[in-house]
$ cat upload_35.cif   # mmCIF, C-alpha atoms
data_data
#
loop_
_atom_site.label_atom_id
_atom_site.label_comp_id
_atom_site.auth_asym_id
_atom_site.auth_seq_id
_atom_site.Cartn_x
_atom_site.Cartn_y
_atom_site.Cartn_z
CA MET C 1 -12.10 -42.33 -65.85
CA GLY C 2 -12.06 -45.25 -68.21
CA SER C 3 -14.24 -48.29 -68.17
CA LEU C 4 -11.43 -50.41 -66.67
CA ALA C 5 -11.35 -48.23 -63.55
CA LYS C 6 -15.14 -48.48 -63.27
CA LYS C 7 -15.09 -52.27 -63.68
CA LEU C 8 -12.30 -52.64 -61.13
CA GLY C 9 -14.16 -50.42 -58.69
CA LYS C 10 -17.27 -52.53 -59.11
CA LYS C 11 -15.28 -55.72 -58.41
CA ILE C 12 -13.77 -54.14 -55.29
CA ARG C 13 -17.24 -53.09 -54.08
CA GLU C 14 -18.62 -56.59 -54.71
CA ALA C 15 -15.72 -58.23 -52.85
CA ARG C 16 -16.10 -55.78 -49.95
CA LYS C 17 -19.82 -56.47 -49.64
CA ALA C 18 -19.26 -60.23 -49.90
CA LYS C 19 -16.95 -59.91 -46.87
CA GLY C 20 -19.60 -57.92 -45.03
CA LEU C 21 -17.36 -54.87 -44.68
CA SER C 22 -18.50 -51.29 -44.79
CA GLN C 23 -16.69 -48.82 -46.99
CA ASP C 24 -15.53 -47.05 -43.83
CA VAL C 25 -13.94 -50.21 -42.43
CA LEU C 26 -12.19 -51.09 -45.68
CA ALA C 27 -10.86 -47.55 -46.00
CA LEU C 28 -9.57 -47.67 -42.43
CA VAL C 29 -7.81 -51.00 -42.95
CA CYS C 30 -6.29 -49.75 -46.24
CA LYS C 31 -5.26 -46.48 -44.57
CA VAL C 32 -7.10 -44.27 -47.05
CA ASP C 33 -9.84 -41.70 -46.59
CA ARG C 34 -13.37 -43.09 -46.90
CA SER C 35 -14.16 -40.60 -49.66
CA TYR C 36 -11.14 -41.85 -51.62
CA MET C 37 -12.32 -45.44 -51.23
CA GLY C 38 -15.68 -44.31 -52.59
CA ARG C 39 -13.96 -42.76 -55.58
CA ILE C 40 -12.06 -46.02 -56.16
CA GLU C 41 -15.28 -48.03 -56.05
CA ARG C 42 -16.99 -45.63 -58.45
CA GLY C 43 -14.04 -45.84 -60.86
CA GLU C 44 -13.24 -42.15 -60.58
CA VAL C 45 -9.52 -42.70 -59.92
CA ASN C 46 -6.81 -44.98 -61.27
CA ILE C 47 -5.12 -46.81 -58.45
CA THR C 48 -1.54 -48.02 -58.31
CA VAL C 49 -0.58 -51.66 -58.35
CA GLU C 50 0.59 -51.22 -54.77
CA LYS C 51 -2.85 -49.96 -53.74
CA LEU C 52 -4.50 -52.85 -55.60
CA TYR C 53 -2.41 -55.35 -53.61
CA GLN C 54 -3.20 -53.50 -50.37
CA ILE C 55 -6.95 -53.60 -51.07
CA ALA C 56 -6.81 -57.27 -52.13
CA GLY C 57 -4.90 -58.15 -48.97
CA SER C 58 -7.47 -56.34 -46.85
CA LEU C 59 -10.22 -58.28 -48.63
CA GLU C 60 -8.28 -61.53 -48.19
CA CYS C 61 -8.23 -62.27 -51.91
CA GLU C 62 -5.70 -62.36 -54.69
CA PRO C 63 -5.34 -59.22 -56.82
CA ALA C 64 -6.02 -61.41 -59.86
CA LEU C 65 -9.53 -62.03 -58.55
CA LEU C 66 -10.23 -58.30 -58.64
CA LEU C 67 -8.72 -58.01 -62.12
CA SER C 68 -10.47 -61.00 -63.65
CA GLU C 69 -13.00 -60.38 -66.41
CA LEU C 70 -12.31 -56.63 -66.64
CA THR C 71 -11.86 -56.54 -70.39
#

$ encode --input "upload_35.cif" --output "structure tokens"
Amino acid sequence: MGSLAKKLGKKIREARKAKGLSQDVLALVCKVDRSYMGRIERGEVNITVEKLYQIAGSLECEPALLLSELT
């Protein structure tokens, strides 16, 4: 995947860790498989805007926070 997906995945991982959540817990809250969440965090998949909002909501942050400084 492209560098944007990798940068977004890194931001999601950082936000998850800052909240003290495991990847398993975040995946459960977002209703996705843990392996898929891992692929998101590694930037191996492009997620939809809907999924971005779902993840941001689960992390109690604005989607813009996860998208900031990606380029």

$ residues_around --input "upload_35.cif" --residues "Ser68 in chain C" --least-positions-apart "3" --cutoff "10 Å" --atoms "only C-alpha atoms" --output "ChimeraX atom specification"
/C:7-8,11,63-65,71

$ closest_residue --input "upload_35.cif" --among "C:Leu21, C:Cys30, C:Ala15, C:Ala5" --to "Gln54 in chain C" --atoms "all atoms listed in the file"
C:Cys30

$ closest_residue --input "upload_35.cif" --among "C:Ile12, C:Leu28, C:Met37, C:Val49" --to "Leu66 in chain C" --atoms "only C-alpha atoms"
C:Ile12

$ residues_around --input "upload_35.cif" --residues "range 40-46 of chain C" --least-positions-apart "4" --cutoff "12 Å" --atoms "all atoms listed in the file" --output "PyMOL selection string"
chain C and resi 1-17+23+26-27+32-36+50-52+55+66

$ atom_distance --input "upload_35.cif" --atom1 "CA of Ile47 in chain C" --atom2 "CA of Ser22 in chain C"
19.6 Å

$ residues_near_point --input "upload_35.cif" --point "(-14.2, -65.8, -42.5)" --cutoff "12 Å" --atoms "all atoms listed in the file" --output "ChimeraX atom specification"
/C:18-21,59-61
